[in-house]
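This report concerns only the one structure given below.
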2 protein chains.
Amino acid sequence: MPTPAKTSQAALAAIARELVEASGPDALTVGAVAQRAGIKPPSLYKHFVDRSALLKAVEIDVLHELEAHLRRETKGADHKSRLKAMARAYRRFGTTAPNRYRVIYSGNAFIDPEIREACLYSAQPLFEELRAAGIAEQRILPVSRTLVPFLHGFVIMEIGSAFNLGGDIEEAFETGLETILAGV
Amino acid sequence: MPTPAKTSQAALAAIARELVEASGPDALTVGAVAQRAGIKPPSLYKHFVDRSALLKAVEIDVLHELEAHLRRETKGADHKSRLKAMARAYRRFGTTAPNRYRVIYSGNAFIDPEIREACLYSAQPLFEELRAAGIAEQRILPVSRTLVPFLHGFVIMEIGSAFNLGGDIEEAFETGLETILAGV
DNA sequence: AATTCATGTAGCCATGATAGCTATATACAT
DNA sequence: ATGTATATAGCTATCATGGCTACATGAATT
(Lines give C-alpha, C1' and ligand atoms only; values in the text may rest on other atoms or scores of the structure.)
Protein backbone atom coordinates (compact mmCIF):
# COMPACT_ATOMS: atom_id res chain seq x y z
CA MET A 1 0.00 0.00 0.00
CA PRO A 2 1.15 3.49 -0.84
CA THR A 3 0.38 6.68 1.11
CA PRO A 4 -1.92 5.60 3.95
CA ALA A 5 -5.53 5.92 2.88
CA LYS A 6 -7.54 8.51 4.77
CA THR A 7 -10.78 7.09 3.48
CA SER A 8 -12.23 4.31 1.34
CA GLN A 9 -14.77 3.72 -1.37
CA ALA A 10 -17.26 2.42 1.17
CA ALA A 11 -16.79 5.40 3.48
CA LEU A 12 -17.21 7.84 0.61
CA ALA A 13 -20.34 6.05 -0.57
CA ALA A 14 -21.77 6.25 2.95
CA ILE A 15 -21.12 9.98 3.09
CA ALA A 16 -22.71 10.39 -0.34
CA ARG A 17 -25.79 8.56 0.87
CA GLU A 18 -26.11 10.76 3.93
CA LEU A 19 -25.94 13.86 1.76
CA VAL A 20 -28.58 12.55 -0.64
CA GLU A 21 -30.89 11.45 2.16
CA ALA A 22 -30.53 14.72 4.00
CA SER A 23 -30.84 17.18 1.15
CA GLY A 24 -31.51 15.43 -2.16
CA PRO A 25 -29.33 14.44 -5.12
CA ASP A 26 -28.21 18.00 -5.84
CA ALA A 27 -26.53 18.09 -2.45
CA LEU A 28 -24.27 15.28 -3.58
CA THR A 29 -21.32 17.35 -4.75
CA VAL A 30 -17.79 16.05 -5.07
CA GLY A 31 -16.59 18.84 -2.83
CA ALA A 32 -19.07 18.13 -0.05
CA VAL A 33 -18.23 14.43 0.00
CA ALA A 34 -14.50 15.07 -0.09
CA GLN A 35 -14.68 17.63 2.69
CA ARG A 36 -16.59 15.29 4.97
CA ALA A 37 -14.10 12.53 4.25
CA GLY A 38 -11.20 14.82 5.11
CA ILE A 39 -9.68 14.84 1.63
CA LYS A 40 -9.57 17.29 -1.25
CA PRO A 41 -12.00 17.01 -4.17
CA PRO A 42 -9.48 15.77 -6.75
CA SER A 43 -8.48 12.90 -4.46
CA LEU A 44 -12.01 11.56 -4.59
CA TYR A 45 -11.47 10.70 -8.24
CA LYS A 46 -9.01 8.01 -7.13
CA HIS A 47 -12.00 6.13 -5.68
CA PHE A 48 -14.84 7.00 -8.04
CA VAL A 49 -14.46 7.84 -11.70
CA ASP A 50 -16.92 10.72 -11.49
CA ARG A 51 -19.86 12.14 -9.59
CA SER A 52 -22.36 9.87 -11.33
CA ALA A 53 -20.47 6.83 -10.06
CA LEU A 54 -21.03 8.12 -6.54
CA LEU A 55 -24.73 8.56 -7.22
CA LYS A 56 -24.88 5.10 -8.72
CA ALA A 57 -23.31 3.63 -5.59
CA VAL A 58 -25.98 5.37 -3.53
CA GLU A 59 -28.74 4.03 -5.75
CA ILE A 60 -27.50 0.46 -5.50
CA ASP A 61 -27.13 0.83 -1.76
CA VAL A 62 -30.70 2.06 -1.45
CA LEU A 63 -32.05 -0.79 -3.59
CA HIS A 64 -30.34 -3.31 -1.33
CA GLU A 65 -31.78 -1.61 1.70
CA LEU A 66 -35.23 -1.73 0.12
CA GLU A 67 -34.88 -5.45 -0.43
CA ALA A 68 -33.95 -5.99 3.22
CA HIS A 69 -36.79 -3.73 4.34
CA LEU A 70 -39.36 -5.63 2.31
CA ARG A 71 -38.18 -8.95 3.73
CA ARG A 72 -38.16 -7.70 7.29
CA GLU A 73 -41.54 -6.00 7.32
CA THR A 74 -43.59 -8.70 5.68
CA LYS A 75 -45.78 -10.43 8.23
CA GLY A 76 -49.24 -11.88 7.96
CA ALA A 77 -51.31 -15.00 8.29
CA ASP A 78 -52.44 -15.54 4.72
CA HIS A 79 -50.78 -14.63 1.46
CA LYS A 80 -53.00 -11.66 0.76
CA SER A 81 -52.26 -10.03 4.09
CA ARG A 82 -48.57 -10.66 3.53
CA LEU A 83 -48.77 -8.97 0.14
CA LYS A 84 -50.56 -6.05 1.74
CA ALA A 85 -47.95 -5.85 4.46
CA MET A 86 -45.25 -5.78 1.80
CA ALA A 87 -47.01 -3.03 -0.12
CA ARG A 88 -47.41 -0.97 3.04
CA ALA A 89 -43.75 -1.55 3.88
CA TYR A 90 -42.83 -0.35 0.40
CA ARG A 91 -44.80 2.85 0.87
CA ARG A 92 -43.34 3.40 4.32
CA PHE A 93 -39.86 2.97 2.89
CA GLY A 94 -40.55 5.87 0.56
CA THR A 95 -42.45 8.21 2.82
CA THR A 96 -40.11 7.95 5.80
CA ALA A 97 -37.13 9.08 3.71
CA PRO A 98 -38.30 10.81 0.52
CA ASN A 99 -34.88 11.78 -0.75
CA ARG A 100 -33.68 8.25 -0.27
CA TYR A 101 -36.60 6.91 -2.26
CA ARG A 102 -36.32 9.42 -5.06
CA VAL A 103 -33.05 7.96 -6.34
CA ILE A 104 -34.94 4.82 -7.35
CA TYR A 105 -36.03 4.76 -11.01
CA SER A 106 -34.59 8.24 -11.41
CA GLY A 107 -33.14 8.82 -14.84
CA ASN A 108 -32.94 6.12 -17.47
CA ALA A 109 -29.85 4.53 -16.02
CA PHE A 110 -31.35 1.06 -16.01
CA ILE A 111 -29.25 0.09 -18.96
CA ASP A 112 -26.42 0.02 -16.42
CA PRO A 113 -25.91 -3.66 -15.57
CA GLU A 114 -25.13 -3.07 -11.90
CA ILE A 115 -28.25 -1.00 -11.35
CA ARG A 116 -30.28 -3.55 -13.29
CA GLU A 117 -29.03 -6.26 -11.01
CA ALA A 118 -29.72 -4.29 -7.83
CA CYS A 119 -33.16 -3.45 -9.15
CA LEU A 120 -33.90 -7.08 -9.82
CA TYR A 121 -32.59 -7.99 -6.38
CA SER A 122 -34.98 -5.54 -4.74
CA ALA A 123 -37.89 -7.10 -6.65
CA GLN A 124 -37.19 -10.61 -5.43
CA PRO A 125 -39.24 -10.44 -2.21
CA LEU A 126 -42.35 -9.59 -4.20
CA PHE A 127 -41.73 -12.31 -6.78
CA GLU A 128 -41.24 -14.86 -4.03
CA GLU A 129 -44.38 -13.78 -2.24
CA LEU A 130 -46.42 -13.96 -5.45
CA ARG A 131 -45.09 -17.44 -6.15
CA ALA A 132 -45.87 -18.50 -2.59
CA ALA A 133 -49.38 -17.17 -3.09
CA GLY A 134 -49.78 -19.65 -5.91
CA ILE A 135 -49.82 -17.17 -8.77
CA ALA A 136 -49.13 -18.89 -12.09
CA GLU A 137 -45.59 -18.30 -13.28
CA GLN A 138 -46.67 -16.52 -16.47
CA ARG A 139 -48.85 -14.13 -14.49
CA ILE A 140 -46.16 -13.06 -12.05
CA LEU A 141 -44.63 -10.53 -14.44
CA PRO A 142 -47.89 -8.82 -15.44
CA VAL A 143 -49.08 -8.76 -11.84
CA SER A 144 -45.78 -7.24 -10.67
CA ARG A 145 -46.08 -4.72 -13.46
CA THR A 146 -49.42 -3.65 -12.10
CA LEU A 147 -48.55 -3.53 -8.43
CA VAL A 148 -45.04 -2.04 -8.55
CA PRO A 149 -45.95 0.85 -10.88
CA PHE A 150 -48.89 1.64 -8.61
CA LEU A 151 -46.65 1.60 -5.54
CA HIS A 152 -43.91 3.62 -7.20
CA GLY A 153 -46.31 6.14 -8.67
CA PHE A 154 -48.19 6.50 -5.41
CA VAL A 155 -45.04 7.06 -3.37
CA ILE A 156 -43.53 9.50 -5.86
CA MET A 157 -46.75 11.49 -5.98
CA GLU A 158 -47.20 11.39 -2.22
CA ILE A 159 -43.68 12.57 -1.36
CA GLY A 160 -43.99 15.18 -4.10
CA SER A 161 -47.15 16.55 -2.49
CA ALA A 162 -49.09 15.79 -5.64
CA PHE A 163 -52.16 14.66 -3.73
CA ASN A 164 -53.43 18.13 -3.04
CA LEU A 165 -57.16 17.77 -3.23
CA GLY A 166 -57.65 16.77 0.37
CA GLY A 167 -59.18 13.45 1.27
CA ASP A 168 -57.61 10.63 3.21
CA ILE A 169 -54.38 9.48 1.58
CA GLU A 170 -54.16 6.39 3.78
CA GLU A 171 -57.61 5.39 2.63
CA ALA A 172 -56.74 6.05 -1.00
CA PHE A 173 -53.70 3.80 -0.70
CA GLU A 174 -55.71 1.01 0.88
CA THR A 175 -58.40 1.35 -1.78
CA GLY A 176 -55.87 1.16 -4.57
CA LEU A 177 -54.08 -1.75 -3.00
CA GLU A 178 -57.33 -3.62 -2.43
CA THR A 179 -58.43 -2.98 -6.02
CA ILE A 180 -55.20 -4.32 -7.45
CA LEU A 181 -54.95 -7.32 -5.14
CA ALA A 182 -58.54 -8.21 -5.92
CA GLY A 183 -57.45 -8.85 -9.48
CA VAL A 184 -54.68 -11.18 -8.37
CA MET B 1 -41.05 51.34 -24.80
CA PRO B 2 -37.29 51.51 -24.52
CA THR B 3 -34.85 49.31 -26.45
CA PRO B 4 -37.04 47.05 -28.58
CA ALA B 5 -37.25 43.57 -27.10
CA LYS B 6 -35.42 40.90 -29.07
CA THR B 7 -37.40 38.15 -27.44
CA SER B 8 -40.23 37.51 -25.00
CA GLN B 9 -41.13 35.35 -22.05
CA ALA B 10 -43.20 33.06 -24.27
CA ALA B 11 -40.43 32.68 -26.83
CA LEU B 12 -37.89 31.88 -24.13
CA ALA B 13 -40.22 29.35 -22.55
CA ALA B 14 -40.71 27.68 -25.93
CA ILE B 15 -36.97 27.42 -26.42
CA ALA B 16 -36.59 26.02 -22.92
CA ARG B 17 -39.17 23.38 -23.69
CA GLU B 18 -37.43 22.36 -26.88
CA LEU B 19 -34.18 21.93 -24.99
CA VAL B 20 -35.81 19.84 -22.28
CA GLU B 21 -37.67 17.67 -24.76
CA ALA B 22 -34.60 17.11 -26.88
CA SER B 23 -32.02 16.43 -24.21
CA GLY B 24 -33.54 16.42 -20.74
CA PRO B 25 -33.71 18.96 -17.91
CA ASP B 26 -29.93 19.27 -17.61
CA ALA B 27 -29.81 20.64 -21.13
CA LEU B 28 -31.91 23.57 -19.98
CA THR B 29 -29.13 26.02 -19.26
CA VAL B 30 -29.56 29.76 -19.15
CA GLY B 31 -26.78 30.12 -21.70
CA ALA B 32 -28.33 27.71 -24.18
CA VAL B 33 -31.72 29.39 -24.00
CA ALA B 34 -30.24 32.86 -24.30
CA GLN B 35 -28.08 31.89 -27.25
CA ARG B 36 -31.03 30.44 -29.14
CA ALA B 37 -33.04 33.57 -28.41
CA GLY B 38 -30.25 35.80 -29.71
CA ILE B 39 -29.52 37.47 -26.39
CA LYS B 40 -26.83 37.15 -23.74
CA PRO B 41 -27.39 35.02 -20.63
CA PRO B 42 -27.72 37.92 -18.15
CA SER B 43 -30.45 39.49 -20.27
CA LEU B 44 -32.60 36.44 -19.73
CA TYR B 45 -32.97 37.40 -16.09
CA LYS B 46 -35.13 40.33 -17.14
CA HIS B 47 -37.74 37.78 -18.24
CA PHE B 48 -37.32 34.99 -15.71
CA VAL B 49 -36.08 35.41 -12.17
CA ASP B 50 -33.89 32.32 -12.39
CA ARG B 51 -33.38 28.99 -14.12
CA SER B 52 -35.98 27.23 -11.99
CA ALA B 53 -38.60 29.68 -13.19
CA LEU B 54 -37.81 28.59 -16.74
CA LEU B 55 -38.17 24.94 -15.76
CA LYS B 56 -41.42 25.72 -14.00
CA ALA B 57 -42.76 27.37 -17.13
CA VAL B 58 -41.88 24.23 -19.07
CA GLU B 59 -43.61 22.01 -16.52
CA ILE B 60 -46.79 24.06 -16.61
CA ASP B 61 -46.69 24.09 -20.40
CA VAL B 62 -46.37 20.30 -20.48
CA LEU B 63 -49.24 19.83 -18.04
CA HIS B 64 -51.48 21.94 -20.24
CA GLU B 65 -50.45 19.94 -23.26
CA LEU B 66 -51.23 16.73 -21.39
CA GLU B 67 -54.70 18.00 -20.63
CA ALA B 68 -55.33 18.78 -24.28
CA HIS B 69 -53.89 15.42 -25.31
CA LEU B 70 -56.18 13.52 -22.95
CA ARG B 71 -59.23 15.37 -24.23
CA ARG B 72 -58.33 14.86 -27.87
CA GLU B 73 -57.47 11.18 -27.73
CA THR B 74 -60.41 9.95 -25.72
CA LYS B 75 -62.83 8.07 -27.94
CA GLY B 76 -65.02 5.08 -27.28
CA ALA B 77 -68.56 3.82 -27.21
CA ASP B 78 -69.03 3.10 -23.52
CA HIS B 79 -67.48 4.71 -20.50
CA LYS B 80 -65.07 1.90 -19.81
CA SER B 81 -63.61 1.98 -23.30
CA ARG B 82 -63.29 5.75 -23.02
CA LEU B 83 -61.40 5.39 -19.75
CA LYS B 84 -59.15 2.82 -21.39
CA ALA B 85 -58.55 5.12 -24.32
CA MET B 86 -57.63 7.90 -21.92
CA ALA B 87 -55.22 5.67 -20.05
CA ARG B 88 -53.60 4.57 -23.31
CA ALA B 89 -53.37 8.18 -24.41
CA TYR B 90 -51.68 9.04 -21.10
CA ARG B 91 -49.09 6.33 -21.62
CA ARG B 92 -48.53 7.37 -25.22
CA PHE B 93 -47.99 10.95 -24.07
CA GLY B 94 -45.14 9.73 -21.89
CA THR B 95 -43.52 7.18 -24.15
CA THR B 96 -43.49 9.30 -27.29
CA ALA B 97 -41.51 12.06 -25.55
CA PRO B 98 -39.83 10.72 -22.41
CA ASN B 99 -37.97 13.90 -21.52
CA ARG B 100 -41.15 15.88 -21.85
CA TYR B 101 -42.97 13.51 -19.51
CA ARG B 102 -40.21 13.36 -16.93
CA VAL B 103 -40.74 16.95 -15.84
CA ILE B 104 -44.14 15.94 -14.45
CA TYR B 105 -44.13 15.14 -10.72
CA SER B 106 -40.39 15.71 -10.68
CA GLY B 107 -39.19 17.18 -7.43
CA ASN B 108 -41.52 18.21 -4.64
CA ALA B 109 -42.44 21.49 -6.23
CA PHE B 110 -46.16 20.87 -5.90
CA ILE B 111 -46.38 23.34 -3.11
CA ASP B 112 -45.99 25.94 -5.83
CA PRO B 113 -49.51 27.26 -6.48
CA GLU B 114 -49.08 27.64 -10.24
CA ILE B 115 -47.85 24.08 -10.65
CA ARG B 116 -50.62 22.86 -8.38
CA GLU B 117 -53.15 24.58 -10.56
CA ALA B 118 -51.70 23.21 -13.79
CA CYS B 119 -51.58 19.76 -12.23
CA LEU B 120 -55.22 19.98 -11.27
CA TYR B 121 -56.08 21.23 -14.72
CA SER B 122 -54.43 18.21 -16.32
CA ALA B 123 -56.44 15.90 -14.07
CA GLN B 124 -59.79 17.37 -15.11
CA PRO B 125 -60.39 15.11 -18.14
CA LEU B 126 -60.13 12.02 -15.95
CA PHE B 127 -62.39 13.45 -13.26
CA GLU B 128 -64.99 14.36 -15.86
CA GLU B 129 -64.83 10.94 -17.42
CA LEU B 130 -65.21 9.23 -14.05
CA ARG B 131 -68.21 11.40 -13.23
CA ALA B 132 -69.73 10.65 -16.61
CA ALA B 133 -69.23 6.98 -15.91
CA GLY B 134 -71.47 7.36 -12.92
CA ILE B 135 -68.85 6.92 -10.22
CA ALA B 136 -70.04 8.22 -6.88
CA GLU B 137 -68.53 11.59 -6.06
CA GLN B 138 -66.77 10.35 -2.92
CA ARG B 139 -65.16 7.52 -4.86
CA ILE B 140 -63.69 9.70 -7.58
CA LEU B 141 -60.68 10.76 -5.52
CA PRO B 142 -59.70 7.24 -4.35
CA VAL B 143 -60.24 5.84 -7.83
CA SER B 144 -58.09 8.58 -9.39
CA ARG B 145 -55.48 7.89 -6.76
CA THR B 146 -55.36 4.30 -7.89
CA LEU B 147 -55.34 4.87 -11.63
CA VAL B 148 -53.07 7.90 -11.90
CA PRO B 149 -50.28 6.49 -9.72
CA PHE B 150 -50.41 3.29 -11.78
CA LEU B 151 -50.18 5.27 -15.01
CA HIS B 152 -47.45 7.55 -13.75
CA GLY B 153 -45.43 4.72 -12.23
CA PHE B 154 -45.81 2.60 -15.34
CA VAL B 155 -44.71 5.38 -17.67
CA ILE B 156 -41.77 6.41 -15.48
CA MET B 157 -40.60 2.82 -15.23
CA GLU B 158 -41.12 2.16 -18.93
CA ILE B 159 -39.23 5.23 -20.15
CA GLY B 160 -36.55 4.47 -17.58
CA SER B 161 -36.10 0.98 -19.02
CA ALA B 162 -37.02 -0.50 -15.66
CA PHE B 163 -39.00 -3.33 -17.22
CA ASN B 164 -36.00 -5.43 -18.04
CA LEU B 165 -37.20 -8.96 -17.49
CA GLY B 166 -38.59 -9.41 -20.96
CA GLY B 167 -42.23 -10.16 -21.52
CA ASP B 168 -44.77 -8.10 -23.39
CA ILE B 169 -45.00 -4.60 -21.96
CA GLU B 170 -48.13 -3.79 -23.96
CA GLU B 171 -49.80 -6.81 -22.44
CA ALA B 172 -48.64 -5.88 -18.94
CA PHE B 173 -50.13 -2.41 -19.36
CA GLU B 174 -53.44 -3.79 -20.58
CA THR B 175 -53.52 -6.29 -17.73
CA GLY B 176 -52.87 -3.62 -15.15
CA LEU B 177 -55.40 -1.29 -16.67
CA GLU B 178 -58.03 -4.03 -16.82
CA THR B 179 -57.35 -5.00 -13.21
CA ILE B 180 -57.77 -1.46 -11.97
CA LEU B 181 -60.82 -0.63 -14.08
CA ALA B 182 -62.46 -3.86 -12.95
CA GLY B 183 -62.51 -2.41 -9.46
CA VAL B 184 -64.22 0.78 -10.63
C1' DA C 1 -34.32 66.57 -22.18
C1' DA C 2 -35.84 63.05 -18.93
C1' DT C 3 -37.39 58.66 -18.07
C1' DT C 4 -37.81 53.81 -18.74
C1' DC C 5 -36.29 49.33 -19.37
C1' DA C 6 -34.30 45.47 -22.46
C1' DT C 7 -29.84 44.48 -23.54
C1' DG C 8 -24.84 44.25 -22.95
C1' DT C 9 -20.10 43.95 -20.50
C1' DA C 10 -17.58 42.37 -16.79
C1' DG C 11 -17.08 39.55 -13.21
C1' DC C 12 -18.04 36.40 -8.96
C1' DC C 13 -18.72 31.90 -7.09
C1' DA C 14 -19.78 26.97 -7.09
C1' DT C 15 -18.93 22.73 -9.20
C1' DG C 16 -17.07 18.98 -12.09
C1' DA C 17 -13.00 17.42 -13.92
C1' DT C 18 -7.93 16.80 -15.38
C1' DA C 19 -2.73 17.14 -15.24
C1' DG C 20 1.09 16.43 -12.94
C1' DC C 21 3.74 16.17 -8.60
C1' DT C 22 4.64 14.14 -3.88
C1' DA C 23 4.80 10.84 -0.43
C1' DT C 24 4.78 6.28 1.41
C1' DA C 25 4.01 1.31 2.00
C1' DT C 26 4.95 -2.85 -0.06
C1' DA C 27 7.68 -6.26 -3.08
C1' DC C 28 11.66 -7.92 -4.48
C1' DA C 29 16.47 -8.29 -5.56
C1' DT C 30 20.82 -7.92 -3.73
C1' DA D 1 19.24 -6.37 6.39
C1' DT D 2 19.25 -2.99 2.84
C1' DG D 3 18.26 -0.54 -1.13
C1' DT D 4 15.47 0.19 -5.22
C1' DA D 5 11.29 -0.06 -8.02
C1' DT D 6 6.45 0.24 -8.15
C1' DA D 7 1.90 1.28 -7.13
C1' DT D 8 -1.23 4.44 -5.46
C1' DA D 9 -3.64 7.94 -2.20
C1' DG D 10 -3.27 12.43 -1.65
C1' DC D 11 -2.02 17.20 -2.99
C1' DT D 12 -1.66 21.88 -5.67
C1' DA D 13 -2.83 24.12 -9.65
C1' DT D 14 -5.73 24.78 -13.35
C1' DC D 15 -9.62 24.76 -16.57
C1' DA D 16 -14.49 24.81 -18.28
C1' DT D 17 -19.11 25.46 -17.47
C1' DG D 18 -23.04 27.35 -15.49
C1' DG D 19 -25.94 30.35 -12.44
C1' DC D 20 -26.20 34.81 -11.09
C1' DT D 21 -25.30 40.02 -9.93
C1' DA D 22 -23.75 44.88 -10.50
C1' DC D 23 -23.59 48.25 -13.36
C1' DA D 24 -23.36 50.65 -17.79
C1' DT D 25 -25.63 51.56 -22.38
C1' DG D 26 -28.81 52.98 -25.56
C1' DA D 27 -33.33 53.34 -27.93
C1' DA D 28 -38.14 54.74 -27.59
C1' DT D 29 -41.77 57.07 -25.14
C1' DT D 30 -43.07 61.27 -22.66
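Quick note on naming: the chains in the C-alpha coordinates go A, B, ... in the order shown, residues restart at 1 in each chain, and ligands are numbered from 1 in order of appearance.
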(request) Using only C-alpha atoms (C1' of nucleotides), find the residues of chain A whose closest atom to chain C is at most 10 Å away, then write them as a PyMOL selection string. (result) chain A and resi 1-4+29-31+41-42+45+49-51
Resulting file, chosen residues, N, CA and C atoms, as a PDB file, in the first residue's frame:
```pdb
ATOM      1  N   MET A   1       0.846  -1.209   0.000  1.00  0.00           N
ATOM      2  CA  MET A   1       0.000   0.000   0.000  1.00  0.00           C
ATOM      3  C   MET A   1       0.877   1.254   0.000  1.00  0.00           C
ATOM      4  N   PRO A   2       0.463   2.204  -0.823  1.00  0.00           N
ATOM      5  CA  PRO A   2       1.151   3.493  -0.839  1.00  0.00           C
ATOM      6  C   PRO A   2       0.492   4.423   0.160  1.00  0.00           C
ATOM      7  N   THR A   3       1.007   5.603   0.319  1.00  0.00           N
ATOM      8  CA  THR A   3       0.376   6.676   1.108  1.00  0.00           C
ATOM      9  C   THR A   3      -0.871   6.237   1.867  1.00  0.00           C
ATOM     10  N   PRO A   4      -0.784   6.114   3.156  1.00  0.00           N
ATOM     11  CA  PRO A   4      -1.919   5.597   3.948  1.00  0.00           C
ATOM     12  C   PRO A   4      -3.246   6.234   3.574  1.00  0.00           C
ATOM     13  N   THR A  29     -22.370  16.725  -3.951  1.00  0.00           N
ATOM     14  CA  THR A  29     -21.319  17.348  -4.747  1.00  0.00           C
ATOM     15  C   THR A  29     -19.997  16.696  -4.361  1.00  0.00           C
ATOM     16  N   VAL A  30     -19.091  16.662  -5.311  1.00  0.00           N
ATOM     17  CA  VAL A  30     -17.788  16.055  -5.073  1.00  0.00           C
ATOM     18  C   VAL A  30     -17.096  16.765  -3.913  1.00  0.00           C
ATOM     19  N   GLY A  31     -17.218  18.065  -3.887  1.00  0.00           N
ATOM     20  CA  GLY A  31     -16.592  18.843  -2.828  1.00  0.00           C
ATOM     21  C   GLY A  31     -17.132  18.513  -1.452  1.00  0.00           C
ATOM     22  N   PRO A  41     -11.174  17.512  -3.057  1.00  0.00           N
ATOM     23  CA  PRO A  41     -12.004  17.012  -4.169  1.00  0.00           C
ATOM     24  C   PRO A  41     -11.272  16.156  -5.196  1.00  0.00           C
ATOM     25  N   PRO A  42     -10.118  16.585  -5.703  1.00  0.00           N
ATOM     26  CA  PRO A  42      -9.475  15.766  -6.748  1.00  0.00           C
ATOM     27  C   PRO A  42      -9.142  14.353  -6.266  1.00  0.00           C
ATOM     28  N   TYR A  45     -11.449  11.354  -6.927  1.00  0.00           N
ATOM     29  CA  TYR A  45     -11.467  10.695  -8.237  1.00  0.00           C
ATOM     30  C   TYR A  45     -10.554   9.471  -8.282  1.00  0.00           C
ATOM     31  N   VAL A  49     -14.842   7.190 -10.440  1.00  0.00           N
ATOM     32  CA  VAL A  49     -14.459   7.838 -11.698  1.00  0.00           C
ATOM     33  C   VAL A  49     -15.066   9.218 -11.860  1.00  0.00           C
ATOM     34  N   ASP A  50     -16.306   9.397 -11.425  1.00  0.00           N
ATOM     35  CA  ASP A  50     -16.922  10.722 -11.493  1.00  0.00           C
ATOM     36  C   ASP A  50     -18.102  10.793 -10.518  1.00  0.00           C
ATOM     37  N   ARG A  51     -18.752  11.927 -10.510  1.00  0.00           N
ATOM     38  CA  ARG A  51     -19.860  12.143  -9.594  1.00  0.00           C
ATOM     39  C   ARG A  51     -20.973  11.120  -9.806  1.00  0.00           C
TER      40      ARG A  51
END
```
With a cut-off of 6 Å and counting only C-alpha atoms (C1' of nucleotides), select all residues of chain D in contact with chain A and give the selection as a count of residues only. 3
Could the residues of region 120-180 of chain B that have an atom at most 9 Å from region 147-155 of chain A be listed as JSON lines, each with its closest atom pair and the distance in Å to one decimal, counting only C-alpha atoms and ordered by chain and ascending residue number?
```
{"residue": "B:Arg145", "atom": "CA", "partner": "A:Phe154", "partner_atom": "CA", "distance": 7.5}
{"residue": "B:Thr146", "atom": "CA", "partner": "A:Phe150", "partner_atom": "CA", "distance": 7.0}
{"residue": "B:Leu147", "atom": "CA", "partner": "A:Phe150", "partner_atom": "CA", "distance": 7.8}
{"residue": "B:Val148", "atom": "CA", "partner": "A:Gly153", "partner_atom": "CA", "distance": 7.7}
{"residue": "B:Pro149", "atom": "CA", "partner": "A:Gly153", "partner_atom": "CA", "distance": 4.1}
{"residue": "B:Phe150", "atom": "CA", "partner": "A:Phe150", "partner_atom": "CA", "distance": 3.9}
{"residue": "B:Leu151", "atom": "CA", "partner": "A:Pro149", "partner_atom": "CA", "distance": 7.4}
{"residue": "B:His152", "atom": "CA", "partner": "A:Gly153", "partner_atom": "CA", "distance": 5.4}
{"residue": "B:Gly153", "atom": "CA", "partner": "A:Gly153", "partner_atom": "CA", "distance": 3.9}
{"residue": "B:Phe154", "atom": "CA", "partner": "A:Pro149", "partner_atom": "CA", "distance": 4.8}
{"residue": "B:Val155", "atom": "CA", "partner": "A:Pro149", "partner_atom": "CA", "distance": 8.3}
{"residue": "B:Ile156", "atom": "CA", "partner": "A:Gly153", "partner_atom": "CA", "distance": 8.2}
{"residue": "B:Met157", "atom": "CA", "partner": "A:Pro149", "partner_atom": "CA", "distance": 7.2}
{"residue": "B:Gly176", "atom": "CA", "partner": "A:Leu147", "partner_atom": "CA", "distance": 8.0}
```
Residues of chain B within 9 Å of chain A, counting only C-alpha atoms - could you list those as a VMD selection string? chain B and resid 102 105 to 111 116 119 to 120 141 to 157 159 to 169 171 to 173 175 to 184
One residue among A:Glu21, A:Asp112, A:Glu128, A:Glu137 is nearest to Leu83 (chain A) when using only C-alpha atoms, and that residue is A:Glu128
Check: Where in chain B does DSSP assign helix (DSSP H, G or I), given as a PyMOL selection string?
Finding: chain B and resi 9-23+25-27+30-37+41-44+51-72+79-96+98-102+109-111+113-132+137-159+169-182
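Coordinates place C1' of DA13 (chain D) at a distance of 24.2 Å from CA of Ser52 (chain A).
Computed from the coordinates, the C1' of DG18 (chain D) to CA of Ala32 (chain A) distance equals 18.4 Å.
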Report as an MDAnalysis selection string all protein, DNA and RNA residues lying within 10 Å of Gln124 (chain B), evaluated on only C-alpha atoms (C1' of nucleotides), omitting residues in the same chain fewer than 5 positions from it.
chainID B and resid 67 70:71 119 129:130
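Separating CA of Arg72 (chain B) from CA of Arg92 (chain B) is a distance of 12.6 Å.
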